[in-house]
$ cat data.tsv   # TSV, N, CA and C atoms
chain	number	residue	atom	x	y	z
A	16	MET	N	38.59	-17.79	24.11
A	16	MET	CA	37.37	-17.31	23.47
A	16	MET	C	37.41	-15.78	23.47
A	17	PRO	N	37.16	-15.16	22.32
A	17	PRO	CA	37.23	-13.70	22.26
A	17	PRO	C	36.10	-13.06	23.05
A	18	SER	N	36.40	-11.92	23.65
A	18	SER	CA	35.39	-11.23	24.43
A	18	SER	C	34.56	-10.27	23.58
A	19	ASN	N	35.00	-10.02	22.37
A	19	ASN	CA	34.30	-9.09	21.49
A	19	ASN	C	34.03	-9.79	20.17
A	20	PHE	N	32.76	-9.98	19.83
A	20	PHE	CA	32.40	-10.71	18.63
A	20	PHE	C	32.14	-9.79	17.44
A	21	ARG	N	32.32	-8.51	17.59
A	21	ARG	CA	32.06	-7.59	16.49
A	21	ARG	C	33.19	-7.65	15.46
A	22	THR	N	32.82	-7.40	14.22
A	22	THR	CA	33.83	-7.38	13.16
A	22	THR	C	34.63	-6.09	13.27
A	23	PRO	N	35.79	-6.06	12.66
A	23	PRO	CA	36.58	-4.82	12.71
A	23	PRO	C	35.84	-3.62	12.13
A	24	LEU	N	35.10	-3.82	11.05
A	24	LEU	CA	34.34	-2.72	10.46
A	24	LEU	C	33.26	-2.22	11.42
A	25	ALA	N	32.59	-3.13	12.11
A	25	ALA	CA	31.56	-2.74	13.08
A	25	ALA	C	32.17	-1.98	14.25
A	26	ARG	N	33.39	-2.36	14.65
A	26	ARG	CA	34.04	-1.63	15.73
A	26	ARG	C	34.38	-0.21	15.30
A	27	VAL	N	34.75	-0.05	14.05
A	27	VAL	CA	35.05	1.29	13.54
A	27	VAL	C	33.79	2.13	13.50
A	28	ARG	N	32.70	1.55	13.08
A	28	ARG	CA	31.44	2.27	12.96
A	28	ARG	C	30.69	2.37	14.28
A	29	TRP	N	31.13	1.71	15.31
A	29	TRP	CA	30.47	1.66	16.62
A	29	TRP	C	29.08	1.06	16.52
A	30	LEU	N	28.95	0.05	15.69
A	30	LEU	CA	27.67	-0.62	15.52
A	30	LEU	C	27.81	-2.07	15.93
A	31	GLY	N	26.73	-2.62	16.44
A	31	GLY	CA	26.70	-4.05	16.72
A	31	GLY	C	26.36	-4.80	15.46
A	32	SER	N	26.12	-6.07	15.59
A	32	SER	CA	25.84	-6.87	14.41
A	32	SER	C	24.46	-6.55	13.83
A	33	ALA	N	23.52	-6.14	14.67
A	33	ALA	CA	22.17	-5.92	14.18
A	33	ALA	C	21.59	-4.56	14.57
A	34	ARG	N	22.35	-3.72	15.14
A	34	ARG	CA	21.93	-2.39	15.60
A	34	ARG	C	20.69	-2.47	16.47
A	35	LEU	N	19.51	-2.27	15.91
A	35	LEU	CA	18.28	-2.28	16.71
A	35	LEU	C	17.50	-3.58	16.57
A	36	GLY	N	18.17	-4.63	16.13
A	36	GLY	CA	17.48	-5.89	15.90
A	36	GLY	C	16.91	-6.50	17.16
A	37	ALA	N	17.59	-6.34	18.27
A	37	ALA	CA	17.09	-6.93	19.51
A	37	ALA	C	15.78	-6.27	19.96
A	38	GLU	N	15.69	-4.97	19.77
A	38	GLU	CA	14.47	-4.26	20.15
A	38	GLU	C	13.30	-4.69	19.28
A	39	ASP	N	13.52	-4.79	17.97
A	39	ASP	CA	12.46	-5.24	17.08
A	39	ASP	C	12.08	-6.68	17.36
A	40	SER	N	13.06	-7.51	17.66
A	40	SER	CA	12.78	-8.91	17.99
A	40	SER	C	11.94	-9.00	19.26
A	41	TRP	N	12.27	-8.19	20.24
A	41	TRP	CA	11.50	-8.18	21.49
A	41	TRP	C	10.06	-7.73	21.24
A	42	ARG	N	9.89	-6.69	20.44
A	42	ARG	CA	8.54	-6.21	20.12
A	42	ARG	C	7.75	-7.26	19.35
A	43	MET	N	8.42	-7.98	18.45
A	43	MET	CA	7.75	-9.05	17.71
A	43	MET	C	7.24	-10.13	18.66
A	44	ARG	N	8.06	-10.50	19.62
A	44	ARG	CA	7.65	-11.54	20.57
A	44	ARG	C	6.50	-11.07	21.46
A	45	VAL	N	6.57	-9.82	21.90
A	45	VAL	CA	5.50	-9.29	22.77
A	45	VAL	C	4.18	-9.22	22.00
A	46	THR	N	4.23	-8.73	20.76
A	46	THR	CA	2.98	-8.64	19.99
A	46	THR	C	2.45	-10.02	19.63
A	47	SER	N	3.35	-10.98	19.36
A	47	SER	CA	2.85	-12.32	19.05
A	47	SER	C	2.21	-12.96	20.28
A	48	LEU	N	2.78	-12.73	21.44
A	48	LEU	CA	2.15	-13.25	22.66
A	48	LEU	C	0.82	-12.55	22.95
A	49	ALA	N	0.76	-11.26	22.68
A	49	ALA	CA	-0.50	-10.53	22.89
A	49	ALA	C	-1.57	-10.99	21.91
A	50	LEU	N	-1.15	-11.41	20.72
A	50	LEU	CA	-2.13	-11.82	19.72
A	50	LEU	C	-2.75	-13.18	20.03
A	51	ILE	N	-2.15	-13.98	20.89
A	51	ILE	CA	-2.73	-15.30	21.21
A	51	ILE	C	-4.08	-15.14	21.89
A	52	PRO	N	-4.17	-14.47	23.05
A	52	PRO	CA	-5.51	-14.33	23.66
A	52	PRO	C	-6.44	-13.43	22.85
A	53	LEU	N	-5.87	-12.43	22.16
A	53	LEU	CA	-6.72	-11.57	21.34
A	53	LEU	C	-7.33	-12.35	20.18
A	54	SER	N	-6.58	-13.28	19.60
A	54	SER	CA	-7.12	-14.10	18.51
A	54	SER	C	-8.24	-15.00	18.99
A	55	VAL	N	-8.05	-15.59	20.15
A	55	VAL	CA	-9.10	-16.45	20.70
A	55	VAL	C	-10.36	-15.62	20.97
A	56	ALA	N	-10.19	-14.45	21.59
A	56	ALA	CA	-11.34	-13.59	21.87
A	56	ALA	C	-12.00	-13.12	20.58
A	57	PHE	N	-11.20	-12.81	19.56
A	57	PHE	CA	-11.75	-12.35	18.29
A	57	PHE	C	-12.55	-13.46	17.60
A	58	VAL	N	-12.03	-14.68	17.62
A	58	VAL	CA	-12.74	-15.80	17.00
A	58	VAL	C	-14.05	-16.05	17.74
A	59	LEU	N	-14.03	-16.01	19.06
A	59	LEU	CA	-15.26	-16.19	19.83
A	59	LEU	C	-16.27	-15.08	19.52
A	60	LEU	N	-15.77	-13.88	19.37
A	60	LEU	CA	-16.65	-12.75	19.04
A	60	LEU	C	-17.27	-12.93	17.66
A	61	VAL	N	-16.47	-13.33	16.69
A	61	VAL	CA	-16.99	-13.55	15.34
A	61	VAL	C	-18.00	-14.70	15.33
A	62	LEU	N	-17.72	-15.76	16.10
A	62	LEU	CA	-18.68	-16.86	16.18
A	62	LEU	C	-20.00	-16.41	16.80
A	63	SER	N	-19.94	-15.49	17.76
A	63	SER	CA	-21.19	-14.99	18.35
A	63	SER	C	-21.93	-14.06	17.39
A	64	LEU	N	-21.23	-13.51	16.41
A	64	LEU	CA	-21.88	-12.63	15.43
A	64	LEU	C	-22.53	-13.40	14.29
A	65	LEU	N	-22.21	-14.68	14.14
A	65	LEU	CA	-22.72	-15.45	13.00
A	65	LEU	C	-24.24	-15.55	12.99
A	66	HIS	N	-24.86	-15.63	14.14
A	66	HIS	CA	-26.30	-15.85	14.21
A	66	HIS	C	-27.07	-14.55	14.42
A	67	ARG	N	-26.43	-13.44	14.19
A	67	ARG	CA	-27.11	-12.15	14.36
A	67	ARG	C	-27.30	-11.50	13.00
A	68	ASP	N	-28.31	-10.66	12.92
A	68	ASP	CA	-28.48	-9.86	11.73
A	68	ASP	C	-27.62	-8.59	11.85
A	69	TYR	N	-27.76	-7.72	10.88
A	69	TYR	CA	-26.92	-6.51	10.85
A	69	TYR	C	-27.13	-5.65	12.09
A	70	ASN	N	-28.37	-5.43	12.46
A	70	ASN	CA	-28.65	-4.59	13.63
A	70	ASN	C	-28.17	-5.23	14.92
A	71	GLY	N	-28.28	-6.55	15.00
A	71	GLY	CA	-27.77	-7.24	16.18
A	71	GLY	C	-26.25	-7.16	16.27
A	72	ALA	N	-25.58	-7.26	15.12
A	72	ALA	CA	-24.12	-7.13	15.11
A	72	ALA	C	-23.70	-5.71	15.50
A	73	ARG	N	-24.43	-4.72	15.00
A	73	ARG	CA	-24.11	-3.33	15.38
A	73	ARG	C	-24.34	-3.11	16.87
A	74	ALA	N	-25.39	-3.72	17.40
A	74	ALA	CA	-25.68	-3.57	18.83
A	74	ALA	C	-24.57	-4.21	19.66
A	75	LEU	N	-24.10	-5.39	19.25
A	75	LEU	CA	-23.02	-6.03	19.98
A	75	LEU	C	-21.72	-5.23	19.87
A	76	MET	N	-21.42	-4.74	18.68
A	76	MET	CA	-20.19	-3.95	18.50
A	76	MET	C	-20.29	-2.58	19.15
A	77	GLY	N	-21.50	-2.16	19.50
A	77	GLY	CA	-21.68	-0.89	20.20
A	77	GLY	C	-21.32	-0.98	21.67
A	78	GLU	N	-21.20	-2.20	22.18
A	78	GLU	CA	-20.77	-2.36	23.57
A	78	GLU	C	-19.26	-2.18	23.64
A	79	PRO	N	-18.76	-1.65	24.76
A	79	PRO	CA	-17.33	-1.32	24.84
A	79	PRO	C	-16.39	-2.52	24.73
A	80	LEU	N	-16.68	-3.62	25.40
A	80	LEU	CA	-15.73	-4.74	25.43
A	80	LEU	C	-15.50	-5.36	24.05
A	81	PRO	N	-16.54	-5.70	23.28
A	81	PRO	CA	-16.27	-6.25	21.94
A	81	PRO	C	-15.54	-5.27	21.03
A	82	ALA	N	-15.88	-3.99	21.11
A	82	ALA	CA	-15.19	-3.00	20.27
A	82	ALA	C	-13.71	-2.89	20.64
A	83	VAL	N	-13.41	-2.92	21.92
A	83	VAL	CA	-12.02	-2.85	22.37
A	83	VAL	C	-11.26	-4.10	21.95
A	84	ILE	N	-11.90	-5.26	22.05
A	84	ILE	CA	-11.24	-6.51	21.63
A	84	ILE	C	-10.90	-6.46	20.15
A	85	VAL	N	-11.84	-6.04	19.33
A	85	VAL	CA	-11.59	-5.96	17.89
A	85	VAL	C	-10.51	-4.94	17.58
A	86	LEU	N	-10.58	-3.78	18.21
A	86	LEU	CA	-9.56	-2.76	17.97
A	86	LEU	C	-8.17	-3.24	18.39
A	87	LEU	N	-8.07	-3.84	19.56
A	87	LEU	CA	-6.77	-4.34	20.01
A	87	LEU	C	-6.25	-5.43	19.09
A	88	PHE	N	-7.12	-6.34	18.67
A	88	PHE	CA	-6.70	-7.42	17.78
A	88	PHE	C	-6.19	-6.86	16.45
A	89	VAL	N	-6.95	-5.97	15.85
A	89	VAL	CA	-6.59	-5.44	14.54
A	89	VAL	C	-5.32	-4.59	14.63
A	90	LEU	N	-5.26	-3.68	15.59
A	90	LEU	CA	-4.09	-2.79	15.68
A	90	LEU	C	-2.83	-3.53	16.08
A	91	THR	N	-2.95	-4.51	16.97
A	91	THR	CA	-1.77	-5.31	17.34
A	91	THR	C	-1.31	-6.15	16.16
A	92	GLY	N	-2.25	-6.70	15.41
A	92	GLY	CA	-1.89	-7.47	14.22
A	92	GLY	C	-1.22	-6.63	13.16
A	93	ILE	N	-1.70	-5.41	12.96
A	93	ILE	CA	-1.09	-4.52	11.98
A	93	ILE	C	0.31	-4.13	12.42
A	94	TYR	N	0.49	-3.82	13.69
A	94	TYR	CA	1.82	-3.47	14.20
A	94	TYR	C	2.78	-4.65	14.08
A	95	HIS	N	2.30	-5.85	14.38
A	95	HIS	CA	3.11	-7.06	14.26
A	95	HIS	C	3.53	-7.27	12.80
A	96	THR	N	2.61	-7.06	11.88
A	96	THR	CA	2.90	-7.19	10.46
A	96	THR	C	3.91	-6.15	10.01
A	97	GLU	N	3.75	-4.92	10.49
A	97	GLU	CA	4.68	-3.85	10.12
A	97	GLU	C	6.09	-4.17	10.61
A	98	LEU	N	6.21	-4.71	11.82
A	98	LEU	CA	7.52	-5.10	12.34
A	98	LEU	C	8.15	-6.21	11.50
A	99	GLY	N	7.36	-7.19	11.14
A	99	GLY	CA	7.88	-8.28	10.32
A	99	GLY	C	8.32	-7.82	8.95
A	100	MET	N	7.51	-6.97	8.32
A	100	MET	CA	7.88	-6.45	7.01
A	100	MET	C	9.11	-5.56	7.10
A	101	ARG	N	9.23	-4.79	8.18
A	101	ARG	CA	10.41	-3.96	8.37
A	101	ARG	C	11.67	-4.82	8.44
A	102	SER	N	11.57	-5.94	9.15
A	102	SER	CA	12.71	-6.84	9.25
A	102	SER	C	13.11	-7.41	7.89
A	103	VAL	N	12.11	-7.80	7.09
A	103	VAL	CA	12.39	-8.32	5.76
A	103	VAL	C	13.00	-7.24	4.88
A	104	ILE	N	12.46	-6.04	4.94
A	104	ILE	CA	12.96	-4.94	4.11
A	104	ILE	C	14.41	-4.61	4.48
A	105	VAL	N	14.70	-4.51	5.77
A	105	VAL	CA	16.06	-4.18	6.20
A	105	VAL	C	17.04	-5.27	5.78
A	106	ASP	N	16.60	-6.52	5.82
A	106	ASP	CA	17.50	-7.62	5.47
A	106	ASP	C	17.75	-7.75	3.97
A	107	TYR	N	16.75	-7.46	3.15
A	107	TYR	CA	16.86	-7.80	1.73
A	107	TYR	C	16.87	-6.62	0.77
A	108	CYS	N	16.72	-5.40	1.23
A	108	CYS	CA	16.76	-4.24	0.34
A	108	CYS	C	17.96	-3.37	0.69
A	109	GLN	N	18.51	-2.73	-0.31
A	109	GLN	CA	19.65	-1.84	-0.09
A	109	GLN	C	19.38	-0.48	-0.72
A	110	GLY	N	20.12	0.52	-0.22
A	110	GLY	CA	20.11	1.86	-0.79
A	110	GLY	C	18.78	2.57	-0.68
A	111	HIS	N	18.46	3.29	-1.76
A	111	HIS	CA	17.24	4.10	-1.77
A	111	HIS	C	15.99	3.23	-1.80
A	112	VAL	N	16.10	2.03	-2.33
A	112	VAL	CA	14.95	1.13	-2.35
A	112	VAL	C	14.55	0.80	-0.91
A	113	ARG	N	15.54	0.60	-0.05
A	113	ARG	CA	15.25	0.32	1.37
A	113	ARG	C	14.52	1.48	2.01
A	114	GLU	N	15.01	2.69	1.77
A	114	GLU	CA	14.38	3.87	2.37
A	114	GLU	C	12.93	4.01	1.89
A	115	PHE	N	12.73	3.85	0.58
A	115	PHE	CA	11.38	3.96	0.04
A	115	PHE	C	10.48	2.87	0.60
A	116	ALA	N	10.99	1.64	0.66
A	116	ALA	CA	10.19	0.53	1.16
A	116	ALA	C	9.83	0.70	2.63
A	117	LEU	N	10.76	1.21	3.44
A	117	LEU	CA	10.46	1.44	4.86
A	117	LEU	C	9.40	2.52	5.04
A	118	ILE	N	9.50	3.57	4.25
A	118	ILE	CA	8.50	4.64	4.31
A	118	ILE	C	7.14	4.11	3.86
A	119	ALA	N	7.13	3.36	2.76
A	119	ALA	CA	5.87	2.80	2.26
A	119	ALA	C	5.26	1.82	3.26
A	120	ASN	N	6.10	1.02	3.90
A	120	ASN	CA	5.63	0.07	4.89
A	120	ASN	C	4.97	0.78	6.06
A	121	THR	N	5.62	1.81	6.56
A	121	THR	CA	5.07	2.56	7.70
A	121	THR	C	3.77	3.27	7.30
A	122	CYS	N	3.76	3.90	6.14
A	122	CYS	CA	2.56	4.60	5.69
A	122	CYS	C	1.39	3.63	5.47
A	123	ALA	N	1.68	2.47	4.90
A	123	ALA	CA	0.62	1.48	4.69
A	123	ALA	C	0.06	0.97	6.01
A	124	ALA	N	0.94	0.74	6.98
A	124	ALA	CA	0.48	0.26	8.29
A	124	ALA	C	-0.37	1.31	8.99
A	125	VAL	N	0.05	2.56	8.93
A	125	VAL	CA	-0.71	3.64	9.57
A	125	VAL	C	-2.07	3.81	8.87
A	126	ALA	N	-2.07	3.80	7.54
A	126	ALA	CA	-3.33	3.96	6.80
A	126	ALA	C	-4.29	2.80	7.09
A	127	LEU	N	-3.76	1.58	7.10
A	127	LEU	CA	-4.61	0.43	7.39
A	127	LEU	C	-5.13	0.48	8.82
A	128	GLY	N	-4.29	0.87	9.76
A	128	GLY	CA	-4.72	0.98	11.16
A	128	GLY	C	-5.80	2.03	11.34
A	129	LEU	N	-5.61	3.18	10.70
A	129	LEU	CA	-6.63	4.23	10.80
A	129	LEU	C	-7.95	3.80	10.16
A	130	ALA	N	-7.87	3.14	9.01
A	130	ALA	CA	-9.09	2.69	8.33
A	130	ALA	C	-9.84	1.66	9.18
A	131	CYS	N	-9.10	0.73	9.76
A	131	CYS	CA	-9.74	-0.30	10.60
A	131	CYS	C	-10.33	0.31	11.87
A	132	ALA	N	-9.59	1.23	12.49
A	132	ALA	CA	-10.10	1.88	13.69
A	132	ALA	C	-11.35	2.69	13.37
A	133	TYR	N	-11.34	3.39	12.25
A	133	TYR	CA	-12.52	4.15	11.83
A	133	TYR	C	-13.70	3.22	11.60
A	134	ALA	N	-13.47	2.08	10.94
A	134	ALA	CA	-14.56	1.16	10.64
A	134	ALA	C	-15.17	0.60	11.92
A	135	VAL	N	-14.33	0.18	12.85
A	135	VAL	CA	-14.85	-0.38	14.11
A	135	VAL	C	-15.63	0.68	14.88
A	136	LEU	N	-15.06	1.87	14.97
A	136	LEU	CA	-15.75	2.94	15.72
A	136	LEU	C	-17.02	3.38	15.02
A	137	ARG	N	-17.01	3.39	13.70
A	137	ARG	CA	-18.20	3.79	12.94
A	137	ARG	C	-19.32	2.77	13.11
A	138	ILE	N	-18.98	1.49	13.05
A	138	ILE	CA	-20.00	0.46	13.21
A	138	ILE	C	-20.56	0.47	14.62
A	139	GLY	N	-19.68	0.62	15.59
A	139	GLY	CA	-20.11	0.49	16.96
A	139	GLY	C	-20.75	1.71	17.59
A	140	PHE	N	-20.31	2.90	17.20
A	140	PHE	CA	-20.73	4.07	17.96
A	140	PHE	C	-21.45	5.13	17.14
A	141	VAL	N	-21.73	4.87	15.88
A	141	VAL	CA	-22.45	5.87	15.09
A	141	VAL	C	-23.76	5.30	14.62

$ encode --input "data.tsv" --output "structure tokens"
Amino acid sequence: MPSNFRTPLARVRWLGSARLGAEDSWRMRVTSLALIPLSVAFVLLVLSLLHRDYNGARALMGEPLPAVIVLLFVLTGIYHTELGMRSVIVDYCQGHVREFALIANTCAAVALGLACAYAVLRIGFV
């Protein structure tokens, strides 16, 4: 059994088969595990908001724990989505299209994260 599974071209380039794939895979697994309890807490929070009016919902979101739960759920979900899209882009796009798609993916994730964080903080604390 060979001790080195890299292709000759990869040995020349000093690259493994996936370069940083293991790190992204690890981050995907950690965020997916983090999203399990956050999803349950988010669903329970939304269910508790169903019977409240607007002012009651703002009062509940003004408390620290619900606001932190929503922020963690949204930001972890956006980061998880960005990682997944990055994996798809790296696998299926080549050349300048890949570079543009990676930049667009990161910018979209950051913009969406900032917008969601602003919305949660605005509802809860202003």

$ residues_around --input "data.tsv" --residues "segment 49-66 of chain A" --least-positions-apart "4" --cutoff "8 Å" --atoms "all atoms listed in the file" --output "list in words"
Met43, Arg44, Val45, Gly71, Ala72, Pro81, Ile84, Val85, Leu87, Phe88, Val89, Thr91 and Gly92 of chain A

$ residues_around --input "data.tsv" --residues "Leu127 of chain A" --least-positions-apart "5" --cutoff "8 Å" --atoms "only N, CA and C atoms" --output "PyMOL selection string"
chain A and resi 89-90+93+121-122+132-133

$ atom_distance --input "data.tsv" --atom1 "atom CA of Trp41 of chain A" --atom2 "atom C of Ala82 of chain A"
25.8 Å

$ closest_residue --input "data.tsv" --among "A:Glu97, A:Glu114, A:Asp106, A:Asp39" --to "Gly128 of chain A" --atoms "only C-alpha atoms"
A:Glu97

$ atom_distance --input "data.tsv" --atom1 "atom CA of Val83 of chain A" --atom2 "atom C of Ala37 of chain A"
28.1 Å

$ atom_distance --input "data.tsv" --atom1 "atom N of Val105 of chain A" --atom2 "atom C of Asn120 of chain A"
11.1 Å

$ residues_near_point --input "data.tsv" --point "(10.9, -1.3, 5.1)" --cutoff "7 Å" --atoms "all atoms listed in the file" --output "list in words"
Met100, Arg101, Ser102, Val103, Ile104, Val105, Arg113, Glu114, Phe115, Ala116, Leu117, Ile118, Ala119, Asn120 and Thr121 of chain A

$ closest_residue --input "data.tsv" --among "A:Thr46, A:Phe20, A:Cys108, A:Met76" --to "Leu136 of chain A" --atoms "all atoms listed in the file"
A:Met76
